[in-house]
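The structure appears right after this line, and notes come after that.
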Amino acid sequence: VVSTQSTGKKQITNNQLRMTSSIPVTALYGGIFGLTNIFLCTKVSSKRSALHVSRGDGLREIVRNALFPEYGIPDTSTFLEQTEKYSSLAKEIRAHANFYEYVPLSLTLFLLLEVNGTEKKWLHLGLGSLLVFRLLHQAGMKVKHADWRRKVGIIGQFGILVAASVANIAQALQH
């Protein structure tokens, strides 16, 4: 920081500005979460392709096959069997949607923490935990009933979101 004689205000040089605007921790996890998002998108797309569903979760196909079999995909399975068949697609869609409900806000909160000077170890702890919780939640979505992975994943996600929110409020009140 360079002090000016005439105004007494501090000036920041271009080099210092580049250093203060660096956000390597959030950038690292943002990239990892971006790839995770592509993985989840691919799972939804491949499941839709396998089930011949162009959009949605397959409900339209189930109803069409039940009410208008001549216009649907030939399928001799019962209504219950069809709903079970398409339930895997609904789970993949929900896992992806849940990711979108929580990860962008969480990343934004951690970005603010990083810009405001939070130590890197806390950022890594929070974002690394967030990654583990998101993976646990996604794995827990594969089973028929909510198991420990899904529960731990969502409770952990809420904990990370609350901690990052409170930390941002605390930082804002200190300045």
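Residues are named by chain letter and number: chains run A, B, ... in the order of the structure tokens, numbers start at 1 in each chain, and ligands are numbered from 1 in the order shown.
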Test item: residues at most 6 Å from A:Gly140, only C-alpha atoms, excluding those fewer than 4 positions along its chain, as a ChimeraX atom specification: /A:147,149-150
Where in stretch 23-152 of chain A does DSSP assign alpha helix (DSSP H), given as a ChimeraX atom specification? /A:24-51,59-67,79-115,120-140,148-152
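DSSP secondary structure from the backbone places Val2, Ser3, Lys10 and Gln11 of chain A of chain A in strand (DSSP E).
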Per residue of stretch 21-97 of chain A within 10 Å of stretch 113-132 of chain A, what are the shortest atom pair and its distance in Å to one decimal, counting only C-alpha atoms, with rows by chain and residue number, as a Markdown table?
| residue | atom | partner | partner_atom | distance |
| --- | --- | --- | --- | --- |
| A:Ser21 | CA | A:Val115 | CA | 6.9 |
| A:Ser22 | CA | A:Val115 | CA | 7.8 |
| A:Ile23 | CA | A:Glu114 | CA | 6.5 |
| A:Pro24 | CA | A:Glu114 | CA | 8.8 |
| A:Val25 | CA | A:His124 | CA | 6.8 |
| A:Thr26 | CA | A:Glu114 | CA | 7.3 |
| A:Leu28 | CA | A:Leu127 | CA | 9.6 |
| A:Tyr29 | CA | A:Leu127 | CA | 6.7 |
| A:Gly30 | CA | A:Leu127 | CA | 9.3 |
| A:Ile32 | CA | A:Leu131 | CA | 8.5 |
| A:Phe33 | CA | A:Leu131 | CA | 7.6 |
| A:Thr36 | CA | A:Leu131 | CA | 9.2 |
For A:Ala167, the nearest of the candidates A:Leu89, A:Phe110, A:Glu101, A:Met141, counting only C-alpha atoms: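 Checking each candidate against A:Ala167, we get A:Phe110 as the closest.
The two atoms in question, atom CA of A:Pro69 and atom CA of A:Leu51, are spaced 16.2 Å apart.
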